[in-house]
Each structure stands twice: as structure tokens, then as C-alpha cells.
file data14.cif (mmCIF, N, CA and C atoms)
data_model
loop_
_atom_site.label_atom_id
_atom_site.label_comp_id
_atom_site.auth_asym_id
_atom_site.auth_seq_id
_atom_site.Cartn_x
_atom_site.Cartn_y
_atom_site.Cartn_z
N MET A 1 17.76 140.28 97.76
CA MET A 1 16.57 139.60 98.22
C MET A 1 15.46 140.63 98.39
N GLU A 2 14.43 140.44 97.68
CA GLU A 2 13.30 141.36 97.73
C GLU A 2 12.27 140.84 98.72
N GLN A 3 11.70 141.76 99.47
CA GLN A 3 10.68 141.39 100.45
C GLN A 3 9.47 142.28 100.24
N THR A 4 8.31 141.69 100.11
CA THR A 4 7.07 142.44 99.95
C THR A 4 6.10 142.00 101.02
N VAL A 5 5.60 142.97 101.81
CA VAL A 5 4.65 142.65 102.88
C VAL A 5 3.52 143.68 102.89
N GLN A 6 2.39 143.24 103.42
CA GLN A 6 1.27 144.16 103.58
C GLN A 6 1.45 144.86 104.93
N VAL A 7 1.46 146.19 104.90
CA VAL A 7 1.71 146.94 106.13
C VAL A 7 0.45 147.62 106.67
N GLY A 8 -0.62 147.50 105.98
CA GLY A 8 -1.88 148.09 106.41
C GLY A 8 -2.96 147.70 105.42
N VAL A 9 -4.15 148.17 105.69
CA VAL A 9 -5.26 147.86 104.79
C VAL A 9 -5.02 148.58 103.46
N GLY A 10 -4.83 147.81 102.42
CA GLY A 10 -4.61 148.39 101.09
C GLY A 10 -3.27 149.06 100.92
N LYS A 11 -2.27 148.69 101.73
CA LYS A 11 -0.95 149.31 101.62
C LYS A 11 0.12 148.22 101.69
N TRP A 12 0.95 148.14 100.61
CA TRP A 12 2.01 147.14 100.52
C TRP A 12 3.37 147.83 100.44
N ARG A 13 4.35 147.16 101.01
CA ARG A 13 5.72 147.68 100.98
C ARG A 13 6.61 146.63 100.32
N ALA A 14 7.36 147.06 99.32
CA ALA A 14 8.38 146.20 98.68
C ALA A 14 9.72 146.82 99.00
N ARG A 15 10.65 146.01 99.49
CA ARG A 15 11.96 146.57 99.80
C ARG A 15 13.06 145.55 99.54
N THR A 16 14.24 146.11 99.34
CA THR A 16 15.42 145.30 99.12
C THR A 16 16.64 146.13 99.53
N ARG A 17 17.78 145.47 99.55
CA ARG A 17 19.02 146.18 99.84
C ARG A 17 19.78 146.35 98.53
N TYR A 18 20.40 147.51 98.35
CA TYR A 18 21.12 147.82 97.13
C TYR A 18 22.49 148.38 97.48
N ARG A 19 23.53 147.91 96.78
CA ARG A 19 24.88 148.42 97.02
C ARG A 19 25.09 149.65 96.14
N PHE A 20 25.27 150.80 96.78
CA PHE A 20 25.45 152.06 96.07
C PHE A 20 26.91 152.25 95.67
N ASP A 21 27.19 153.34 94.95
CA ASP A 21 28.54 153.60 94.44
C ASP A 21 29.60 153.69 95.53
N ASP A 22 29.21 154.09 96.72
CA ASP A 22 30.18 154.20 97.80
C ASP A 22 30.48 152.85 98.44
N GLY A 23 29.85 151.77 97.93
CA GLY A 23 30.10 150.44 98.43
C GLY A 23 29.21 150.02 99.59
N LYS A 24 28.38 150.92 100.07
CA LYS A 24 27.52 150.61 101.21
C LYS A 24 26.18 150.07 100.75
N LEU A 25 25.70 149.07 101.49
CA LEU A 25 24.37 148.53 101.23
C LEU A 25 23.34 149.40 101.94
N ARG A 26 22.32 149.80 101.21
CA ARG A 26 21.24 150.58 101.81
C ARG A 26 19.91 149.96 101.40
N GLN A 27 18.94 150.18 102.25
CA GLN A 27 17.61 149.66 101.97
C GLN A 27 16.88 150.62 101.04
N VAL A 28 16.25 150.06 100.02
CA VAL A 28 15.41 150.83 99.11
C VAL A 28 14.02 150.24 99.21
N GLU A 29 13.02 151.09 99.42
CA GLU A 29 11.66 150.58 99.55
C GLU A 29 10.66 151.48 98.85
N ARG A 30 9.58 150.88 98.42
CA ARG A 30 8.50 151.60 97.77
C ARG A 30 7.17 151.05 98.28
N PHE A 31 6.18 151.93 98.36
CA PHE A 31 4.84 151.56 98.84
C PHE A 31 3.85 151.73 97.70
N ALA A 32 2.80 150.90 97.73
CA ALA A 32 1.71 151.02 96.75
C ALA A 32 0.46 150.34 97.31
N ARG A 33 -0.64 150.43 96.57
CA ARG A 33 -1.91 149.86 97.03
C ARG A 33 -2.02 148.36 96.81
N SER A 34 -1.16 147.82 95.95
CA SER A 34 -1.21 146.36 95.73
C SER A 34 0.22 145.82 95.74
N ARG A 35 0.31 144.51 95.93
CA ARG A 35 1.62 143.86 95.95
C ARG A 35 2.35 144.07 94.62
N ALA A 36 1.67 143.85 93.52
CA ALA A 36 2.29 143.97 92.19
C ALA A 36 2.76 145.39 91.93
N LYS A 37 1.95 146.39 92.33
CA LYS A 37 2.34 147.79 92.10
C LYS A 37 3.54 148.18 92.97
N ALA A 38 3.58 147.68 94.20
CA ALA A 38 4.72 147.97 95.08
C ALA A 38 6.00 147.38 94.50
N GLU A 39 5.93 146.15 94.01
CA GLU A 39 7.10 145.50 93.42
C GLU A 39 7.52 146.22 92.14
N ALA A 40 6.55 146.64 91.33
CA ALA A 40 6.87 147.38 90.10
C ALA A 40 7.52 148.72 90.43
N ALA A 41 7.02 149.39 91.47
CA ALA A 41 7.61 150.67 91.87
C ALA A 41 9.04 150.48 92.37
N LEU A 42 9.30 149.40 93.09
CA LEU A 42 10.65 149.13 93.58
C LEU A 42 11.59 148.85 92.40
N LYS A 43 11.13 148.04 91.45
CA LYS A 43 11.96 147.76 90.27
C LYS A 43 12.26 149.03 89.50
N GLN A 44 11.28 149.91 89.39
CA GLN A 44 11.49 151.18 88.70
C GLN A 44 12.50 152.04 89.45
N ALA A 45 12.42 152.06 90.76
CA ALA A 45 13.38 152.84 91.56
C ALA A 45 14.80 152.30 91.38
N LEU A 46 14.95 150.98 91.38
CA LEU A 46 16.27 150.38 91.19
C LEU A 46 16.81 150.67 89.79
N THR A 47 15.95 150.68 88.80
CA THR A 47 16.36 151.02 87.43
C THR A 47 16.86 152.46 87.38
N THR A 48 16.16 153.35 88.05
CA THR A 48 16.55 154.75 88.08
C THR A 48 17.90 154.92 88.78
N ILE A 49 18.08 154.23 89.89
CA ILE A 49 19.35 154.30 90.62
C ILE A 49 20.48 153.79 89.74
N GLN A 50 20.27 152.67 89.07
CA GLN A 50 21.32 152.10 88.22
C GLN A 50 21.62 153.00 87.04
N ALA A 51 20.62 153.66 86.50
CA ALA A 51 20.86 154.58 85.37
C ALA A 51 21.73 155.75 85.82
N GLY A 52 21.56 156.16 87.08
CA GLY A 52 22.38 157.24 87.62
C GLY A 52 23.84 156.84 87.78
N THR A 53 24.10 155.55 87.82
CA THR A 53 25.47 155.05 87.95
C THR A 53 25.93 154.38 86.67
N ALA A 54 25.40 154.84 85.52
CA ALA A 54 25.70 154.21 84.24
C ALA A 54 27.16 154.32 83.86
N THR A 55 27.90 155.22 84.47
CA THR A 55 29.30 155.40 84.13
C THR A 55 30.19 154.52 85.00
N GLU A 56 29.69 153.38 85.37
CA GLU A 56 30.47 152.51 86.24
C GLU A 56 31.73 152.04 85.54
N VAL A 57 32.71 151.71 86.32
CA VAL A 57 33.99 151.25 85.81
C VAL A 57 33.90 149.74 85.58
N LYS A 58 34.28 149.34 84.39
CA LYS A 58 34.27 147.92 84.04
C LYS A 58 35.69 147.46 83.77
N ARG A 59 35.86 146.17 83.62
CA ARG A 59 37.19 145.61 83.34
C ARG A 59 37.78 146.18 82.06
N GLU A 60 36.94 146.51 81.10
CA GLU A 60 37.39 146.99 79.79
C GLU A 60 37.63 148.49 79.75
N THR A 61 37.29 149.20 80.82
CA THR A 61 37.46 150.65 80.87
C THR A 61 38.94 150.99 80.78
N ARG A 62 39.29 151.93 79.91
CA ARG A 62 40.67 152.35 79.73
C ARG A 62 41.06 153.38 80.79
N ILE A 63 42.32 153.37 81.14
CA ILE A 63 42.83 154.32 82.13
C ILE A 63 42.66 155.75 81.61
N ARG A 64 42.81 155.96 80.32
CA ARG A 64 42.62 157.31 79.76
C ARG A 64 41.19 157.80 80.02
N ASP A 65 40.20 156.91 79.93
CA ASP A 65 38.81 157.29 80.19
C ASP A 65 38.61 157.65 81.67
N LEU A 66 39.26 156.89 82.54
CA LEU A 66 39.18 157.22 83.97
C LEU A 66 39.81 158.58 84.25
N GLY A 67 40.91 158.87 83.56
CA GLY A 67 41.55 160.17 83.73
C GLY A 67 40.64 161.31 83.32
N GLU A 68 39.94 161.13 82.20
CA GLU A 68 39.01 162.17 81.75
C GLU A 68 37.82 162.31 82.69
N ARG A 69 37.34 161.20 83.21
CA ARG A 69 36.25 161.26 84.20
C ARG A 69 36.71 162.01 85.45
N PHE A 70 37.96 161.75 85.85
CA PHE A 70 38.52 162.45 87.00
C PHE A 70 38.53 163.95 86.74
N LEU A 71 38.99 164.36 85.56
CA LEU A 71 39.03 165.79 85.24
C LEU A 71 37.63 166.41 85.25
N LEU A 72 36.65 165.69 84.73
CA LEU A 72 35.27 166.19 84.75
C LEU A 72 34.76 166.35 86.17
N SER A 73 35.14 165.42 87.05
CA SER A 73 34.66 165.50 88.43
C SER A 73 35.32 166.63 89.20
N LYS A 74 36.44 167.15 88.69
CA LYS A 74 37.17 168.22 89.37
C LYS A 74 36.98 169.57 88.69
N ALA A 75 36.00 169.70 87.81
CA ALA A 75 35.79 170.91 87.03
C ALA A 75 35.52 172.15 87.88
N ASP A 76 35.11 171.98 89.13
CA ASP A 76 34.79 173.11 89.98
C ASP A 76 36.01 173.65 90.73
N ARG A 77 37.18 173.12 90.48
CA ARG A 77 38.40 173.55 91.19
C ARG A 77 38.93 174.85 90.60
N ALA A 78 39.88 175.43 91.30
CA ALA A 78 40.52 176.66 90.83
C ALA A 78 41.23 176.40 89.50
N PRO A 79 41.31 177.42 88.62
CA PRO A 79 41.91 177.21 87.30
C PRO A 79 43.33 176.64 87.34
N ARG A 80 44.15 177.12 88.23
CA ARG A 80 45.53 176.63 88.29
C ARG A 80 45.57 175.17 88.76
N THR A 81 44.74 174.83 89.72
CA THR A 81 44.66 173.45 90.20
C THR A 81 44.19 172.54 89.07
N LEU A 82 43.18 172.97 88.35
CA LEU A 82 42.65 172.20 87.24
C LEU A 82 43.71 172.01 86.15
N GLU A 83 44.50 173.04 85.89
CA GLU A 83 45.56 172.93 84.89
C GLU A 83 46.62 171.92 85.33
N THR A 84 46.93 171.89 86.62
CA THR A 84 47.88 170.90 87.15
C THR A 84 47.32 169.49 86.96
N TYR A 85 46.04 169.30 87.26
CA TYR A 85 45.40 168.00 87.07
C TYR A 85 45.42 167.59 85.60
N ARG A 86 45.09 168.55 84.72
CA ARG A 86 45.08 168.26 83.28
C ARG A 86 46.46 167.81 82.81
N HIS A 87 47.48 168.53 83.25
CA HIS A 87 48.84 168.17 82.87
C HIS A 87 49.18 166.76 83.35
N SER A 88 48.86 166.47 84.61
CA SER A 88 49.18 165.15 85.15
C SER A 88 48.48 164.03 84.38
N VAL A 89 47.21 164.25 84.04
CA VAL A 89 46.46 163.22 83.34
C VAL A 89 46.90 163.11 81.88
N ARG A 90 46.94 164.24 81.17
CA ARG A 90 47.14 164.19 79.72
C ARG A 90 48.60 164.09 79.29
N LYS A 91 49.52 164.62 80.09
CA LYS A 91 50.93 164.59 79.70
C LYS A 91 51.74 163.51 80.40
N VAL A 92 51.25 163.01 81.53
CA VAL A 92 52.00 162.01 82.27
C VAL A 92 51.28 160.66 82.24
N LEU A 93 50.07 160.62 82.74
CA LEU A 93 49.34 159.37 82.88
C LEU A 93 48.96 158.73 81.54
N VAL A 94 48.29 159.47 80.69
CA VAL A 94 47.78 158.91 79.43
C VAL A 94 48.90 158.42 78.50
N PRO A 95 49.97 159.19 78.28
CA PRO A 95 51.02 158.68 77.40
C PRO A 95 51.68 157.39 77.92
N ARG A 96 51.73 157.23 79.21
CA ARG A 96 52.43 156.07 79.78
C ARG A 96 51.53 154.85 79.94
N ILE A 97 50.32 155.04 80.47
CA ILE A 97 49.47 153.87 80.74
C ILE A 97 48.02 154.08 80.30
N GLY A 98 47.77 155.08 79.49
CA GLY A 98 46.40 155.41 79.09
C GLY A 98 45.67 154.31 78.33
N ASP A 99 46.42 153.48 77.60
CA ASP A 99 45.78 152.43 76.82
C ASP A 99 45.53 151.15 77.60
N LEU A 100 46.02 151.07 78.82
CA LEU A 100 45.75 149.90 79.65
C LEU A 100 44.28 149.89 80.06
N THR A 101 43.73 148.70 80.20
CA THR A 101 42.39 148.59 80.76
C THR A 101 42.52 148.42 82.27
N VAL A 102 41.43 148.58 82.97
CA VAL A 102 41.46 148.44 84.43
C VAL A 102 41.95 147.04 84.82
N SER A 103 41.54 146.03 84.07
CA SER A 103 41.96 144.67 84.42
C SER A 103 43.45 144.45 84.18
N GLU A 104 44.05 145.22 83.29
CA GLU A 104 45.48 145.09 83.02
C GLU A 104 46.35 145.91 83.98
N ALA A 105 45.75 146.85 84.65
CA ALA A 105 46.50 147.77 85.52
C ALA A 105 46.70 147.15 86.90
N SER A 106 47.59 146.18 86.96
CA SER A 106 47.88 145.51 88.24
C SER A 106 48.76 146.43 89.10
N PRO A 107 48.75 146.24 90.41
CA PRO A 107 49.60 147.06 91.27
C PRO A 107 51.08 147.00 90.88
N GLU A 108 51.56 145.82 90.48
CA GLU A 108 52.96 145.68 90.10
C GLU A 108 53.27 146.50 88.85
N ARG A 109 52.38 146.45 87.88
CA ARG A 109 52.57 147.19 86.64
C ARG A 109 52.55 148.69 86.89
N LEU A 110 51.63 149.14 87.72
CA LEU A 110 51.55 150.56 88.05
C LEU A 110 52.79 151.00 88.82
N GLN A 111 53.29 150.16 89.71
CA GLN A 111 54.49 150.50 90.48
C GLN A 111 55.70 150.63 89.55
N ARG A 112 55.84 149.71 88.59
CA ARG A 112 56.95 149.80 87.64
C ARG A 112 56.89 151.10 86.85
N THR A 113 55.70 151.48 86.41
CA THR A 113 55.52 152.72 85.66
C THR A 113 55.86 153.92 86.53
N SER A 114 55.43 153.89 87.76
CA SER A 114 55.71 154.99 88.68
C SER A 114 57.20 155.11 88.94
N THR A 115 57.88 153.99 89.13
CA THR A 115 59.31 154.00 89.40
C THR A 115 60.07 154.53 88.19
N ARG A 116 59.74 154.07 86.99
CA ARG A 116 60.39 154.56 85.77
C ARG A 116 60.16 156.05 85.60
N SER A 117 58.95 156.48 85.89
CA SER A 117 58.61 157.89 85.74
C SER A 117 59.43 158.76 86.69
N ARG A 118 59.64 158.31 87.91
CA ARG A 118 60.44 159.07 88.88
C ARG A 118 61.90 159.18 88.45
N ARG A 119 62.41 158.14 87.82
CA ARG A 119 63.81 158.17 87.37
C ARG A 119 64.01 159.19 86.27
N ARG A 120 63.01 159.39 85.43
CA ARG A 120 63.11 160.33 84.31
C ARG A 120 62.91 161.77 84.73
N THR A 121 62.28 161.97 85.84
CA THR A 121 61.91 163.32 86.27
C THR A 121 62.92 163.86 87.26
N ALA A 122 63.32 165.09 87.04
CA ALA A 122 64.25 165.73 87.98
C ALA A 122 63.54 165.98 89.29
N PRO A 123 64.29 165.99 90.38
CA PRO A 123 63.64 166.27 91.67
C PRO A 123 63.00 167.66 91.65
N GLY A 124 61.98 167.83 92.47
CA GLY A 124 61.27 169.11 92.53
C GLY A 124 62.17 170.23 93.00
N ARG A 125 61.79 171.43 92.63
CA ARG A 125 62.59 172.58 93.06
C ARG A 125 62.50 172.73 94.56
N ARG A 126 63.62 173.10 95.15
CA ARG A 126 63.64 173.34 96.58
C ARG A 126 62.91 174.64 96.87
N ARG A 127 62.03 174.61 97.82
CA ARG A 127 61.29 175.83 98.18
C ARG A 127 62.19 176.75 98.97
N ARG A 128 62.15 177.99 98.61
CA ARG A 128 62.95 178.97 99.33
C ARG A 128 62.14 179.49 100.51
N PRO A 129 62.81 179.83 101.59
CA PRO A 129 62.08 180.36 102.74
C PRO A 129 61.44 181.70 102.38
N ALA A 130 60.35 181.99 103.03
CA ALA A 130 59.65 183.25 102.79
C ALA A 130 60.53 184.42 103.22
N ARG A 131 60.44 185.51 102.47
CA ARG A 131 61.22 186.71 102.80
C ARG A 131 60.32 187.63 103.60
N CYS A 132 60.82 188.10 104.73
CA CYS A 132 59.97 188.86 105.63
C CYS A 132 60.01 190.36 105.38
N CYS A 133 61.10 190.91 104.79
CA CYS A 133 61.19 192.35 104.58
C CYS A 133 62.09 192.63 103.38
N PRO A 134 62.09 193.87 102.87
CA PRO A 134 62.91 194.17 101.69
C PRO A 134 64.39 193.84 101.89
N ALA A 135 64.91 193.97 103.10
CA ALA A 135 66.32 193.67 103.33
C ALA A 135 66.61 192.18 103.11
N CYS A 136 65.61 191.36 103.32
CA CYS A 136 65.78 189.91 103.15
C CYS A 136 65.59 189.48 101.70
N TRP A 137 65.08 190.39 100.85
CA TRP A 137 64.80 190.00 99.47
C TRP A 137 66.07 189.80 98.66
N ALA A 138 67.12 190.45 99.06
CA ALA A 138 68.38 190.29 98.33
C ALA A 138 68.90 188.89 98.58
N SER A 139 69.68 188.40 97.65
CA SER A 139 70.21 187.05 97.83
C SER A 139 71.20 187.04 98.99
N PRO A 140 71.47 185.91 99.60
CA PRO A 140 72.40 185.83 100.73
C PRO A 140 73.79 186.33 100.34
N ARG A 141 74.21 186.10 99.10
CA ARG A 141 75.53 186.59 98.67
C ARG A 141 75.57 188.10 98.64
N ALA A 142 74.50 188.72 98.17
CA ALA A 142 74.48 190.19 98.06
C ALA A 142 74.57 190.81 99.44
N ARG A 143 74.01 190.20 100.46
CA ARG A 143 74.04 190.78 101.81
C ARG A 143 75.42 190.68 102.45
N THR A 144 76.19 189.68 102.07
CA THR A 144 77.48 189.50 102.73
C THR A 144 78.58 190.32 102.08
N ARG A 145 78.35 190.89 100.94
CA ARG A 145 79.39 191.67 100.25
C ARG A 145 79.48 193.07 100.72
#

call {"tool": "encode", "arguments": {"input": "data14.cif", "output": "C-alpha cells"}}
result
Amino acid sequence: MEQTVQVGVGKWRARTRYRFDDGKLRQVERFARSRAKAEAALKQALTTIQAGTATEVKRETRIRDLGERFLLSKADRAPRTLETYRHSVRKVLVPRIGDLTVSEASPERLQRTSTRSRRRTAPGRRRRPARCCPACWASPRARTR
């Protein structure tokens, strides 16, 4: 709902509420010397905001594309972290569900994929306790002999 009012002599304000990418509604307003110019400025501002969110997710968006967007958004991470993310997206996610669209990726379908994936994967390596000194670096068997 757009609202345009005169706020002073020769000064008009056009404003509306807009839902941003974070899901929150915020007020966007523009001022000008005439009603038509204020409304045109507001429409231009909304067009600019929408252009900034041109990569919105649609029903037809493929999971593989979301994975690549995720990797691009994490480009500032440490190299090893980024490599872990790349592996997860390109070697695990994309081969299994990369061709699904967002509308096809129901919670049940994703859960089935996740469950199947866990069955195929060996459990993670057990972390060994930290060694505090050279005497502790030897294996427990070596110390008891």
C-alpha cells in the first residue's frame, strides 16, 4: 500500500512497506517537490531494491544452483573450510539431489536422502585425546611394554 502526502510547502513524501530478503517488512520512503515526482522516486527505489535481490530463489531453482550460491557466499572463509564446503556440495549434495528443484525438495524426500547417505558413510574417526608431552606421544601399548 503506497501512501503519498504533502509534508510541507512544496514537499511530498511517498512511502510504502517492502519485505526485504531477511523477511522483515521495512518502510521505504522518498521525498520530492511534487506528488508525481515523489511517487516516481519511490518506484525507482523499489526497482533498485528488487534488482539487488535478483538472485531470488524460485520454485524452479535447482538445488545444485543453491549449492553454488552457497559456495559463492562463503568465498571469504579459510581455504580448508572452503574446501570442506566444496566437497560437501559438489561430491555429496549435487550427485544425490542436485537436479531437484526447490518445489520438489520436500522435507520427507530430503530426510530419505539424508538417511540413505548416512547408511553408506562410515562413522567419523574417533578423536584421540591431546598429547601433553613427549612421553604421552607413544601409543598406550608402547608405554606398557

call {"tool": "residues_around", "arguments": {"input": "data14.cif", "residues": "Glu104 (chain A)", "least_positions_apart": "5", "cutoff": "8 Å", "atoms": "only N, CA and C atoms", "output": "PyMOL selection string"}}
result
chain A and resi 59-60+109-110

call {"tool": "write_last_selection", "arguments": {"input": "data14.cif", "atoms": "N, CA and C atoms", "output": "mmCIF file, keeping the file's coordinate frame"}}
result
data_model
loop_
_atom_site.group_PDB
_atom_site.id
_atom_site.type_symbol
_atom_site.label_atom_id
_atom_site.label_comp_id
_atom_site.auth_asym_id
_atom_site.auth_seq_id
_atom_site.Cartn_x
_atom_site.Cartn_y
_atom_site.Cartn_z
ATOM 1 N N ARG A 59 35.860 146.170 83.620
ATOM 2 C CA ARG A 59 37.190 145.610 83.340
ATOM 3 C C ARG A 59 37.780 146.180 82.060
ATOM 4 N N GLU A 60 36.940 146.510 81.100
ATOM 5 C CA GLU A 60 37.390 146.990 79.790
ATOM 6 C C GLU A 60 37.630 148.490 79.750
ATOM 7 N N ARG A 109 52.380 146.450 87.880
ATOM 8 C CA ARG A 109 52.570 147.190 86.640
ATOM 9 C C ARG A 109 52.550 148.690 86.890
ATOM 10 N N LEU A 110 51.630 149.140 87.720
ATOM 11 C CA LEU A 110 51.550 150.560 88.050
ATOM 12 C C LEU A 110 52.790 151.000 88.820
#

call {"tool": "residues_around", "arguments": {"input": "data14.cif", "residues": "Ala14 (chain A)", "least_positions_apart": "4", "cutoff": "6 Å", "atoms": "all atoms listed in the file", "output": "list in words"}}
result
Gln3, Thr4, Val5, Val28, Glu29, Arg30, Phe31, Ala38, Glu39 and Leu42 of chain A

call {"tool": "write_last_selection", "arguments": {"input": "data14.cif", "atoms": "N, CA and C atoms", "output": "short mmCIF file (atom, residue, chain, number, x, y, z; two decimals), in the frame of the given file"}}
result
data_model
loop_
_atom_site.label_atom_id
_atom_site.label_comp_id
_atom_site.auth_asym_id
_atom_site.auth_seq_id
_atom_site.Cartn_x
_atom_site.Cartn_y
_atom_site.Cartn_z
N GLN A 3 11.70 141.76 99.47
CA GLN A 3 10.68 141.39 100.45
C GLN A 3 9.47 142.28 100.24
N THR A 4 8.31 141.69 100.11
CA THR A 4 7.07 142.44 99.95
C THR A 4 6.10 142.00 101.02
N VAL A 5 5.60 142.97 101.81
CA VAL A 5 4.65 142.65 102.88
C VAL A 5 3.52 143.68 102.89
N VAL A 28 16.25 150.06 100.02
CA VAL A 28 15.41 150.83 99.11
C VAL A 28 14.02 150.24 99.21
N GLU A 29 13.02 151.09 99.42
CA GLU A 29 11.66 150.58 99.55
C GLU A 29 10.66 151.48 98.85
N ARG A 30 9.58 150.88 98.42
CA ARG A 30 8.50 151.60 97.77
C ARG A 30 7.17 151.05 98.28
N PHE A 31 6.18 151.93 98.36
CA PHE A 31 4.84 151.56 98.84
C PHE A 31 3.85 151.73 97.70
N ALA A 38 3.58 147.68 94.20
CA ALA A 38 4.72 147.97 95.08
C ALA A 38 6.00 147.38 94.50
N GLU A 39 5.93 146.15 94.01
CA GLU A 39 7.10 145.50 93.42
C GLU A 39 7.52 146.22 92.14
N LEU A 42 9.30 149.40 93.09
CA LEU A 42 10.65 149.13 93.58
C LEU A 42 11.59 148.85 92.40
#

call {"tool": "atom_distance", "arguments": {"input": "data14.cif", "atom1": "CA of Arg118 (chain A)", "atom2": "CA of Ser106 (chain A)"}}
result
18.5 Å

call {"tool": "residues_around", "arguments": {"input": "data14.cif", "residues": "region 90-103 of chain A", "least_positions_apart": "5", "cutoff": "9 Å", "atoms": "only C-alpha atoms", "output": "PyMOL selection string"}}
result
chain A and resi 57-68+85+110+113+117

call {"tool": "atom_distance", "arguments": {"input": "data14.cif", "atom1": "CA of Arg35 (chain A)", "atom2": "atom N of Trp12 (chain A)"}}
result
6.4 Å

call {"tool": "atom_distance", "arguments": {"input": "data14.cif", "atom1": "CA of Tyr18 (chain A)", "atom2": "CA of Arg33 (chain A)"}}
result
23.1 Å

call {"tool": "select_by_dssp", "arguments": {"input": "data14.cif", "residues": "region 21-129 of chain A", "states": "strand (DSSP E)", "output": "ChimeraX atom specification"}}
result
/A:25-32
